[in-house]
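Colleague: So here's coords_11.cif, just mmCIF, C-alpha atoms:
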```
data_entry
loop_
_atom_site.label_atom_id
_atom_site.label_comp_id
_atom_site.auth_asym_id
_atom_site.auth_seq_id
_atom_site.Cartn_x
_atom_site.Cartn_y
_atom_site.Cartn_z
CA MET A 112 7.65 4.86 -6.54
CA ASN A 113 10.93 5.83 -8.22
CA LEU A 114 9.98 3.90 -11.35
CA PHE A 115 7.26 6.50 -12.00
CA SER A 116 9.99 9.14 -12.29
CA ASP A 117 12.26 7.05 -14.52
CA PRO A 118 11.71 8.20 -18.14
CA GLU A 119 12.46 4.74 -19.55
CA ALA A 120 10.07 3.04 -17.11
CA VAL A 121 7.40 5.65 -17.80
CA ALA A 122 7.74 5.08 -21.55
CA ARG A 123 7.02 1.37 -20.97
CA TYR A 124 4.29 1.95 -18.41
CA ALA A 125 1.30 1.11 -20.62
CA ASP A 126 2.64 -2.41 -21.26
CA GLY A 127 2.62 -3.33 -17.58
CA PRO A 128 -0.92 -2.97 -16.20
CA VAL A 129 -2.61 -4.86 -19.03
CA ARG A 130 -0.35 -7.86 -18.29
CA GLN A 131 -0.48 -7.63 -14.51
CA VAL A 132 -4.06 -6.60 -13.77
CA PRO A 133 -6.74 -9.16 -14.68
CA GLY A 134 -9.36 -7.53 -16.91
CA PHE A 135 -7.51 -4.21 -16.95
CA HIS A 136 -9.55 -2.63 -19.75
CA ASP A 137 -12.76 -4.11 -18.36
CA LEU A 138 -11.92 -2.53 -15.00
CA HIS A 139 -11.96 0.88 -16.68
CA ARG A 140 -15.21 0.03 -18.44
CA MET A 141 -16.87 -1.08 -15.20
CA ALA A 142 -15.62 1.99 -13.34
CA GLY A 143 -17.12 4.24 -16.02
CA ILE A 144 -20.46 2.46 -15.82
CA LEU A 145 -20.56 2.78 -12.03
CA LEU A 146 -19.77 6.49 -12.19
CA ALA A 147 -22.40 7.05 -14.88
CA GLU A 148 -25.12 5.53 -12.68
CA ARG A 149 -25.04 8.60 -10.42
CA MET A 150 -23.33 11.33 -12.45
CA PRO A 151 -24.90 13.92 -14.79
CA TYR A 152 -24.02 14.09 -18.47
CA ASP A 153 -21.86 17.18 -17.89
CA GLY A 154 -20.34 16.00 -14.60
CA LYS A 155 -16.79 16.50 -13.40
CA VAL A 156 -14.63 13.65 -12.09
CA LEU A 157 -11.69 13.78 -9.69
CA VAL A 158 -9.12 11.13 -10.67
CA LEU A 159 -6.41 10.53 -8.08
CA GLY A 160 -3.33 8.73 -9.39
CA ALA A 161 -4.08 9.83 -12.94
CA GLY A 162 -0.54 9.53 -14.30
CA GLY A 163 -0.36 7.62 -17.56
CA GLY A 164 -3.84 8.77 -18.52
CA LEU A 165 -5.23 5.34 -19.38
CA GLU A 166 -8.39 5.57 -17.28
CA LEU A 167 -8.84 9.22 -18.20
CA LYS A 168 -8.81 8.29 -21.87
CA ALA A 169 -11.23 5.38 -21.35
CA PHE A 170 -13.71 7.58 -19.49
CA ALA A 171 -13.41 10.53 -21.88
CA GLU A 172 -13.98 8.34 -24.93
CA THR A 173 -17.26 6.95 -23.60
CA GLN A 174 -18.62 9.98 -21.73
CA HIS A 175 -18.42 12.95 -24.07
CA GLY A 176 -19.86 15.47 -21.62
CA TRP A 177 -17.63 14.75 -18.64
CA ARG A 178 -14.67 16.88 -17.61
CA PHE A 179 -11.83 15.64 -15.45
CA CYS A 180 -9.32 16.75 -12.84
CA GLY A 181 -6.34 14.39 -12.77
CA VAL A 182 -3.82 14.42 -9.90
CA ASP A 183 -0.50 12.57 -9.74
CA PRO A 184 2.83 13.19 -7.96
CA SER A 185 4.98 12.33 -10.99
CA ALA A 186 5.60 15.01 -13.62
CA GLU A 187 6.81 12.30 -16.01
CA MET A 188 3.59 10.32 -15.62
CA LEU A 189 1.48 13.43 -16.12
CA GLY A 190 3.40 14.11 -19.32
CA LEU A 191 2.57 10.59 -20.46
CA ALA A 192 -1.08 11.20 -19.59
CA GLU A 193 -1.15 14.29 -21.77
CA ARG A 194 0.35 12.35 -24.68
CA THR A 195 -2.02 9.44 -24.13
CA LEU A 196 -5.05 11.72 -24.13
CA GLY A 197 -4.15 13.60 -27.29
CA PRO A 198 -7.09 15.86 -28.30
CA LEU A 199 -9.07 14.61 -25.28
CA ALA A 200 -6.66 16.54 -23.03
CA ALA A 201 -8.76 19.66 -23.67
CA ARG A 202 -11.31 18.24 -21.20
CA VAL A 203 -8.75 17.40 -18.52
CA ASP A 204 -7.00 19.57 -15.92
CA LEU A 205 -3.81 17.91 -14.68
CA HIS A 206 -2.24 18.74 -11.30
CA GLN A 207 1.10 17.50 -9.98
CA GLY A 208 0.97 16.43 -6.35
CA TYR A 209 -1.16 14.43 -3.96
CA ILE A 210 -4.75 14.83 -2.79
CA ASP A 211 -4.02 18.23 -1.25
CA SER A 212 -3.12 19.50 -4.73
CA ALA A 213 -6.64 18.76 -5.99
CA PRO A 214 -9.11 21.65 -6.24
CA ALA A 215 -11.82 21.81 -3.59
CA GLY A 216 -14.51 20.85 -6.08
CA PRO A 217 -17.13 19.79 -5.41
CA PHE A 218 -16.91 16.95 -7.94
CA ASP A 219 -19.69 14.73 -9.23
CA GLY A 220 -17.59 11.58 -8.92
CA GLY A 221 -14.20 10.29 -7.83
CA VAL A 222 -11.84 7.55 -8.98
CA CYS A 223 -8.62 6.10 -7.60
CA LEU A 224 -7.33 3.07 -9.52
CA LEU A 225 -4.15 1.09 -8.80
CA THR A 226 -2.89 3.78 -6.43
CA LEU A 227 -4.01 3.33 -2.83
CA HIS A 228 -1.79 0.29 -2.27
CA PHE A 229 1.21 2.64 -2.42
CA ILE A 230 -0.11 4.79 0.45
CA PRO A 231 0.44 3.85 4.13
CA GLU A 232 -2.75 3.21 6.08
CA LYS A 233 -2.76 6.44 8.10
CA GLU A 234 -2.20 8.58 4.99
CA ARG A 235 -4.65 6.43 3.03
CA ARG A 236 -7.34 7.24 5.58
CA ARG A 237 -6.59 10.94 5.29
CA THR A 238 -6.51 10.76 1.50
CA LEU A 239 -9.93 9.13 1.33
CA ALA A 240 -11.33 11.62 3.82
CA GLU A 241 -10.03 14.45 1.61
CA MET A 242 -11.60 12.84 -1.45
CA HIS A 243 -14.88 12.58 0.49
CA ARG A 244 -14.65 16.29 1.30
CA ARG A 245 -14.23 17.16 -2.38
CA LEU A 246 -17.25 15.19 -3.62
CA LYS A 247 -20.87 16.32 -3.78
CA PRO A 248 -23.36 14.57 -1.48
CA GLY A 249 -24.39 11.30 -3.11
CA ALA A 250 -21.43 11.30 -5.51
CA PRO A 251 -19.89 7.90 -6.34
CA LEU A 252 -16.32 6.88 -5.57
CA VAL A 253 -14.66 3.98 -7.41
CA VAL A 254 -11.40 2.50 -6.12
CA ALA A 255 -9.37 -0.57 -7.08
CA HIS A 256 -5.94 -1.76 -5.95
CA HIS A 257 -4.03 -4.68 -4.43
CA SER A 258 -6.10 -6.00 -1.51
CA PHE A 259 -5.82 -9.60 -0.31
CA PRO A 260 -5.19 -11.66 2.85
CA GLN A 261 -2.08 -10.44 4.64
CA HIS A 262 -1.23 -13.39 6.89
CA GLY A 263 1.57 -15.89 6.33
CA ALA A 264 0.90 -18.63 3.80
CA GLU A 265 -2.27 -16.97 2.50
CA LYS A 266 -0.38 -13.82 1.55
CA ALA A 267 2.37 -15.82 -0.18
CA LYS A 268 -0.20 -17.91 -2.06
CA TRP A 269 -2.00 -14.90 -3.49
CA LEU A 270 1.24 -13.17 -4.45
CA ALA A 271 2.32 -16.32 -6.30
CA ARG A 272 -0.98 -16.37 -8.19
CA TYR A 273 -0.56 -12.71 -9.13
CA ALA A 274 2.95 -13.42 -10.44
CA ALA A 275 1.80 -16.50 -12.37
CA PHE A 276 -0.92 -14.48 -14.09
CA ALA A 277 1.56 -11.79 -15.15
CA VAL A 278 4.08 -14.35 -16.41
CA ALA A 279 1.36 -16.11 -18.42
CA ALA A 280 0.53 -12.71 -19.95
CA GLY A 281 4.13 -12.15 -21.04
CA MET A 282 5.95 -10.56 -18.11
CA PRO A 283 9.46 -11.99 -17.49
CA ALA A 284 9.41 -14.53 -14.65
CA GLU A 285 12.51 -13.06 -13.01
CA ASN A 286 10.92 -9.61 -12.95
CA MET A 287 7.81 -10.92 -11.25
CA GLU A 288 9.78 -12.94 -8.71
CA LYS A 289 11.62 -9.80 -7.70
CA GLY A 290 8.42 -7.77 -7.90
CA ILE A 291 6.40 -9.87 -5.47
CA SER A 292 9.30 -9.87 -3.01
CA ILE A 293 9.33 -6.06 -3.08
CA MET A 294 5.54 -5.92 -2.79
CA SER A 295 5.53 -8.21 0.20
CA GLU A 296 8.23 -6.27 2.04
CA ARG A 297 7.57 -2.66 1.10
CA LEU A 298 3.98 -2.01 0.02
CA PRO A 299 1.58 -1.02 2.84
CA LEU A 300 -0.98 -3.61 1.76
CA LEU A 301 -4.31 -4.17 3.54
CA SER A 302 -6.78 -7.02 3.55
CA PRO A 303 -10.18 -6.55 1.84
CA GLU A 304 -11.85 -6.29 5.25
CA GLN A 305 -9.45 -3.52 6.26
CA ASP A 306 -9.94 -1.69 2.98
CA GLU A 307 -13.71 -1.69 3.34
CA ALA A 308 -13.41 -0.41 6.91
CA VAL A 309 -11.11 2.42 5.78
CA LEU A 310 -13.68 3.52 3.18
CA ARG A 311 -16.47 3.55 5.75
CA ASP A 312 -14.32 5.38 8.30
CA ALA A 313 -13.66 8.07 5.67
CA GLY A 314 -17.41 8.71 5.47
CA PHE A 315 -18.43 6.62 2.47
CA THR A 316 -21.59 4.53 2.52
CA ASP A 317 -23.02 1.64 0.50
CA VAL A 318 -19.53 0.18 0.07
CA ALA A 319 -19.84 -2.69 -2.42
CA LEU A 320 -17.31 -4.97 -4.08
CA PHE A 321 -17.61 -4.91 -7.87
CA TYR A 322 -14.29 -6.38 -9.02
CA ALA A 323 -11.91 -9.12 -7.88
CA GLY A 324 -8.93 -10.43 -9.83
CA PHE A 325 -6.38 -12.46 -7.86
CA THR A 326 -4.69 -9.86 -5.60
CA PHE A 327 -6.81 -6.94 -6.85
CA ARG A 328 -10.14 -5.76 -5.47
CA GLY A 329 -12.38 -2.88 -6.50
CA TRP A 330 -15.18 -1.14 -4.61
CA VAL A 331 -17.84 1.42 -5.38
CA ALA A 332 -19.19 3.63 -2.60
CA ASN A 333 -21.16 6.84 -2.19
CA ARG A 334 -20.39 10.06 -0.39
CA LYS A 335 -22.81 10.77 2.45
#
```
Would you mind writing the structure in this file as structure tokens?

Modeller:
Amino acid sequence: MNLFSDPEAVARYADGPVRQVPGFHDLHRMAGILLAERMPYDGKVLVLGAGGGLELKAFAETQHGWRFCGVDPSAEMLGLAERTLGPLAARVDLHQGYIDSAPAGPFDGGVCLLTLHFIPEKERRRTLAEMHRRLKPGAPLVVAHHSFPQHGAEKAKWLARYAAFAVAAGMPAENMEKGISIMSERLPLLSPEQDEAVLRDAGFTDVALFYAGFTFRGWVANRK
């Protein structure tokens, strides 16, 4: 997580996801559509892991009545989010911290993109339960992050595919080789089956897969 506090790394942040996440901009577009299915025109969205501001900007540009609460532990990434949003920042409240730093709400929708794979399973369960508590009944939650088989050769195969995609998109091969080694050893990754179970255990219903891109998966669910 230290790279999100490194000013040089933060300055380059926007170049990374578009090269490493298949359909990165489409992921934002799909997430916005899924939220809009159940949210009012003037709804408010809780965005956990909002540093950088890329999804905030995508949502704000397409949904002119929505307001947002963005939460992220990195002050540097929140600064980048504010710069990324520009005039759109007037519709966004940014909070430094983790889920406990988010207002009680209730919110009309929730989003957590490319974040949960950094959070250990026990804390991930608590985080999702706290998001559930902050949403209105029936509100949608959209999540997407690394989620793929975690056993032996299968895990190595999917990590190699993820690296190959990023290299083909312009990421240096040596960076990706080092990156997948760190991911394999340090990230508290779960399988898709485990991720779906965690969402249900946190109280969410109608859990449905809407996105899959090599090592990434995305789900939409509803608060009870």

Colleague: Go ahead and compute the interatomic distance for CA of Ala323 (chain A) and CA of Phe135 (chain A), in Å to one decimal.

Modeller: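 So the answer is 11.2 Å.
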
Colleague: Please list, as number ranges by chain, the residues that have an atom at most 8 Å away from (-5.6, 17.1, 0.2) in the coordinates of this file, counting only C-alpha atoms.

Modeller: A: 209-213, 238, 241-242

Colleague: Counting all atoms listed in the file, which residue out of A:Leu246, A:Leu224, A:Ala271, A:Ala161 sits closest to Glu187 (chain A)?

Modeller: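 Among the listed residues, A:Ala161 lies closest to Glu187 (chain A).
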
Colleague: Got a sec to resolve the PyMOL selection byres ((chain A and resi 185) around 8) on this structure and send the residues as a count of residues only?

Modeller: 11

Colleague: Starting from the displayed file, determine the output of the PyMOL selection byres ((chain A and resi 129) around 12) and express the residue list as a list in words.

Modeller: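 Checked against the file, the PyMOL selection byres ((chain A and resi 129) around 12) matches Arg123, Tyr124, Ala125, Asp126, Gly127, Pro128, Arg130, Gln131, Val132, Pro133, Gly134, Phe135, His136, Asp137, Leu138, His139, Leu165, Leu225, Phe276, Ala277, Val278, Ala279, Ala280, Gly281 and Met282 of chain A.
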
Colleague: Counting all atoms listed in the file, which residues sit no farther than 9 Å from the position (1.1, -8.4, 5.1) in the file's frame? I'd like them as a ChimeraX atom specification.

Modeller: /A:259-263,266,295-296,298-302

Colleague: Could you take the residues named above and write them with C-alpha atoms, as a short mmCIF file (atom, residue, chain, number, x, y, z; two decimals), keeping the file's coordinate frame?

Modeller:
```cif
data_model
loop_
_atom_site.label_atom_id
_atom_site.label_comp_id
_atom_site.auth_asym_id
_atom_site.auth_seq_id
_atom_site.Cartn_x
_atom_site.Cartn_y
_atom_site.Cartn_z
CA PHE A 259 -5.82 -9.60 -0.31
CA PRO A 260 -5.19 -11.66 2.85
CA GLN A 261 -2.08 -10.44 4.64
CA HIS A 262 -1.23 -13.39 6.89
CA GLY A 263 1.57 -15.89 6.33
CA LYS A 266 -0.38 -13.82 1.55
CA SER A 295 5.53 -8.21 0.20
CA GLU A 296 8.23 -6.27 2.04
CA LEU A 298 3.98 -2.01 0.02
CA PRO A 299 1.58 -1.02 2.84
CA LEU A 300 -0.98 -3.61 1.76
CA LEU A 301 -4.31 -4.17 3.54
CA SER A 302 -6.78 -7.02 3.55
#
```

Colleague: Convert the output of the PyMOL selection byres ((chain A and resi 334) around 9) on the shown file into explicit residues, formatted as a list in words.

Modeller: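 Against this file, the PyMOL selection byres ((chain A and resi 334) around 9) returns the residues His243, Arg244, Leu246, Lys247, Pro248, Gly249, Ala250, Pro251, Leu252, Gly314, Phe315, Thr316, Asp317, Ala332, Asn333 and Lys335 of chain A.
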
Colleague: Could you tell me which of A:Glu232, A:Pro283, A:Phe325, A:Ala274 comes closest to Ser258 (chain A) if we count only C-alpha atoms?

Modeller: A:Phe325

Colleague: What's the separation between CA of Asn286 (chain A) and CA of Tyr273 (chain A), in Å to one decimal place?

Modeller: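 One can read the CA of Asn286 (chain A) to CA of Tyr273 (chain A) distance as 12.5 Å.
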
Colleague: To one decimal place, how far is CA of Gly181 (chain A) from CA of Ile144 (chain A) in Å?

Modeller: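 Distance between the two atoms: 18.7 Å.
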
Colleague: Would you kindly return, as a list in words, each protein, DNA or RNA residue with an atom no farther than 8 Å from any atom of Gly164 (chain A), considering all atoms listed in the file and excluding same-chain residues fewer than 2 positions away?

Modeller: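 My reading of the contact set: Ala161, Gly162, Glu166, Leu167, Lys168, Leu189, Leu191, Ala192, Glu193, Thr195 and Leu196 of chain A.
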
Colleague: Would you export the selected residues with C-alpha atoms as a CSV table (one decimal), in the coordinates of the input, please?

Modeller:
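Written file, result_1.csv:
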```
chain,number,residue,atom,x,y,z
A,161,ALA,CA,-4.1,9.8,-12.9
A,162,GLY,CA,-0.5,9.5,-14.3
A,166,GLU,CA,-8.4,5.6,-17.3
A,167,LEU,CA,-8.8,9.2,-18.2
A,168,LYS,CA,-8.8,8.3,-21.9
A,189,LEU,CA,1.5,13.4,-16.1
A,191,LEU,CA,2.6,10.6,-20.5
A,192,ALA,CA,-1.1,11.2,-19.6
A,193,GLU,CA,-1.2,14.3,-21.8
A,195,THR,CA,-2.0,9.4,-24.1
A,196,LEU,CA,-5.0,11.7,-24.1
```

Colleague: Give the answer as one residue: which of A:Lys289, A:Arg235, A:Arg297, A:His256 has the shortest atom-to-atom distance to Leu320 (chain A), using only C-alpha atoms?

Modeller: A:His256

Colleague: For Val254 (chain A), work out the shell of residues within 7 Å, counting only C-alpha atoms and skipping chain neighbours fewer than 3 positions away, then give it as a ChimeraX atom specification.

Modeller: /A:222-224,329-331

Colleague: Find the residues near Tyr152 (chain A): any atom within 12 Å, counting all atoms listed in the file, skip ones fewer than 6 places away on the same chain, and give them as a PDB file with C-alpha atoms, in the frame of the given file.

Modeller:
```pdb
ATOM      1  CA  LEU A 146     -19.770   6.490 -12.190  1.00  0.00           C
ATOM      2  CA  ALA A 171     -13.410  10.530 -21.880  1.00  0.00           C
ATOM      3  CA  THR A 173     -17.260   6.950 -23.600  1.00  0.00           C
ATOM      4  CA  GLN A 174     -18.620   9.980 -21.730  1.00  0.00           C
ATOM      5  CA  HIS A 175     -18.420  12.950 -24.070  1.00  0.00           C
ATOM      6  CA  GLY A 176     -19.860  15.470 -21.620  1.00  0.00           C
ATOM      7  CA  TRP A 177     -17.630  14.750 -18.640  1.00  0.00           C
ATOM      8  CA  ARG A 178     -14.670  16.880 -17.610  1.00  0.00           C
ATOM      9  CA  ASP A 219     -19.690  14.730  -9.230  1.00  0.00           C
ATOM     10  CA  GLY A 220     -17.590  11.580  -8.920  1.00  0.00           C
TER      11      GLY A 220
END
```

Colleague: So, with only C-alpha atoms as the atoms that count, which of A:Arg236, A:Arg272, A:Arg202, A:Arg245 lies closest to Glu307 (chain A)?

Modeller: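 Nearest to Glu307 (chain A): A:Arg236.
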
Colleague: Point out the residue among A:Gly190, A:Ala240, A:Ala200, A:Val253 with the least atom-to-atom distance to Glu148 (chain A), counting only C-alpha atoms.

Modeller: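 Of the candidates, the smallest distance to Glu148 (chain A) is held by A:Val253.
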
Colleague: Which one of A:Ala169, A:Phe321, A:Ala147, A:Thr226 sits closest to Leu239 (chain A) if you count all atoms listed in the file?

Modeller: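 Closest to Leu239 (chain A), using all atoms listed in the file: A:Thr226.
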
Colleague: Could all heavy atoms be built for region 198-209 of chain A and written out as a short mmCIF file (atom, residue, chain, number, x, y, z; two decimals), keeping the file's coordinate frame?

Modeller:
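To be explicit, this is the file written out as result_12.cif:
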```cif
data_model
loop_
_atom_site.label_atom_id
_atom_site.label_comp_id
_atom_site.auth_asym_id
_atom_site.auth_seq_id
_atom_site.Cartn_x
_atom_site.Cartn_y
_atom_site.Cartn_z
N PRO A 198 -6.08 14.79 -28.25
CA PRO A 198 -7.09 15.86 -28.30
C PRO A 198 -8.03 15.86 -27.10
O PRO A 198 -8.60 16.90 -26.75
CB PRO A 198 -7.85 15.57 -29.60
CG PRO A 198 -6.92 14.76 -30.42
CD PRO A 198 -6.12 13.94 -29.47
N LEU A 199 -8.19 14.70 -26.45
CA LEU A 199 -9.07 14.61 -25.28
C LEU A 199 -8.54 15.42 -24.10
O LEU A 199 -9.28 15.71 -23.16
CB LEU A 199 -9.26 13.16 -24.86
CG LEU A 199 -9.95 12.24 -25.87
CD1 LEU A 199 -9.85 10.79 -25.42
CD2 LEU A 199 -11.42 12.65 -26.05
N ALA A 200 -7.26 15.79 -24.13
CA ALA A 200 -6.66 16.54 -23.03
C ALA A 200 -7.34 17.89 -22.82
O ALA A 200 -7.21 18.48 -21.74
CB ALA A 200 -5.17 16.73 -23.29
N ALA A 201 -8.07 18.38 -23.81
CA ALA A 201 -8.76 19.66 -23.67
C ALA A 201 -9.83 19.60 -22.59
O ALA A 201 -10.25 20.65 -22.07
CB ALA A 201 -9.38 20.06 -25.01
N ARG A 202 -10.27 18.40 -22.23
CA ARG A 202 -11.31 18.24 -21.20
C ARG A 202 -10.73 17.82 -19.85
O ARG A 202 -11.47 17.45 -18.94
CB ARG A 202 -12.33 17.20 -21.67
CG ARG A 202 -13.18 17.71 -22.84
CD ARG A 202 -13.85 16.57 -23.58
NE ARG A 202 -14.56 15.68 -22.68
CZ ARG A 202 -14.85 14.40 -22.97
NH1 ARG A 202 -14.46 13.90 -24.14
NH2 ARG A 202 -15.51 13.66 -22.12
N VAL A 203 -9.41 17.89 -19.73
CA VAL A 203 -8.75 17.40 -18.52
C VAL A 203 -7.82 18.47 -17.95
O VAL A 203 -7.01 19.05 -18.67
CB VAL A 203 -7.92 16.13 -18.83
CG1 VAL A 203 -7.25 15.62 -17.55
CG2 VAL A 203 -8.80 15.04 -19.45
N ASP A 204 -7.94 18.72 -16.64
CA ASP A 204 -7.00 19.57 -15.92
C ASP A 204 -6.08 18.67 -15.12
O ASP A 204 -6.56 17.88 -14.29
CB ASP A 204 -7.74 20.52 -14.98
CG ASP A 204 -8.64 21.49 -15.72
OD1 ASP A 204 -8.23 21.99 -16.78
OD2 ASP A 204 -9.76 21.74 -15.24
N LEU A 205 -4.77 18.76 -15.36
CA LEU A 205 -3.81 17.91 -14.68
C LEU A 205 -3.07 18.71 -13.60
O LEU A 205 -2.65 19.85 -13.84
CB LEU A 205 -2.82 17.33 -15.68
CG LEU A 205 -3.40 16.38 -16.73
CD1 LEU A 205 -2.34 15.98 -17.75
CD2 LEU A 205 -4.00 15.13 -16.07
N HIS A 206 -2.91 18.08 -12.43
CA HIS A 206 -2.24 18.74 -11.30
C HIS A 206 -1.17 17.81 -10.75
O HIS A 206 -1.45 16.64 -10.46
CB HIS A 206 -3.24 19.06 -10.20
CG HIS A 206 -4.33 19.99 -10.60
ND1 HIS A 206 -4.28 21.35 -10.37
CD2 HIS A 206 -5.50 19.76 -11.25
CE1 HIS A 206 -5.37 21.92 -10.83
NE2 HIS A 206 -6.14 20.98 -11.37
N GLN A 207 0.04 18.31 -10.58
CA GLN A 207 1.10 17.50 -9.98
C GLN A 207 1.01 17.60 -8.46
O GLN A 207 0.93 18.69 -7.89
CB GLN A 207 2.47 17.97 -10.44
CG GLN A 207 3.60 17.07 -9.91
CD GLN A 207 4.97 17.51 -10.37
OE1 GLN A 207 5.11 18.47 -11.14
NE2 GLN A 207 6.00 16.80 -9.94
N GLY A 208 1.01 16.44 -7.81
CA GLY A 208 0.97 16.43 -6.35
C GLY A 208 0.11 15.28 -5.85
O GLY A 208 -0.13 14.29 -6.55
N TYR A 209 -0.34 15.43 -4.61
CA TYR A 209 -1.16 14.43 -3.96
C TYR A 209 -2.57 15.00 -3.77
O TYR A 209 -2.92 15.99 -4.40
CB TYR A 209 -0.50 14.01 -2.64
CG TYR A 209 0.88 13.42 -2.85
CD1 TYR A 209 2.01 14.24 -2.84
CD2 TYR A 209 1.05 12.06 -3.11
CE1 TYR A 209 3.28 13.71 -3.05
CE2 TYR A 209 2.31 11.52 -3.32
CZ TYR A 209 3.42 12.34 -3.29
OH TYR A 209 4.68 11.82 -3.52
#
```
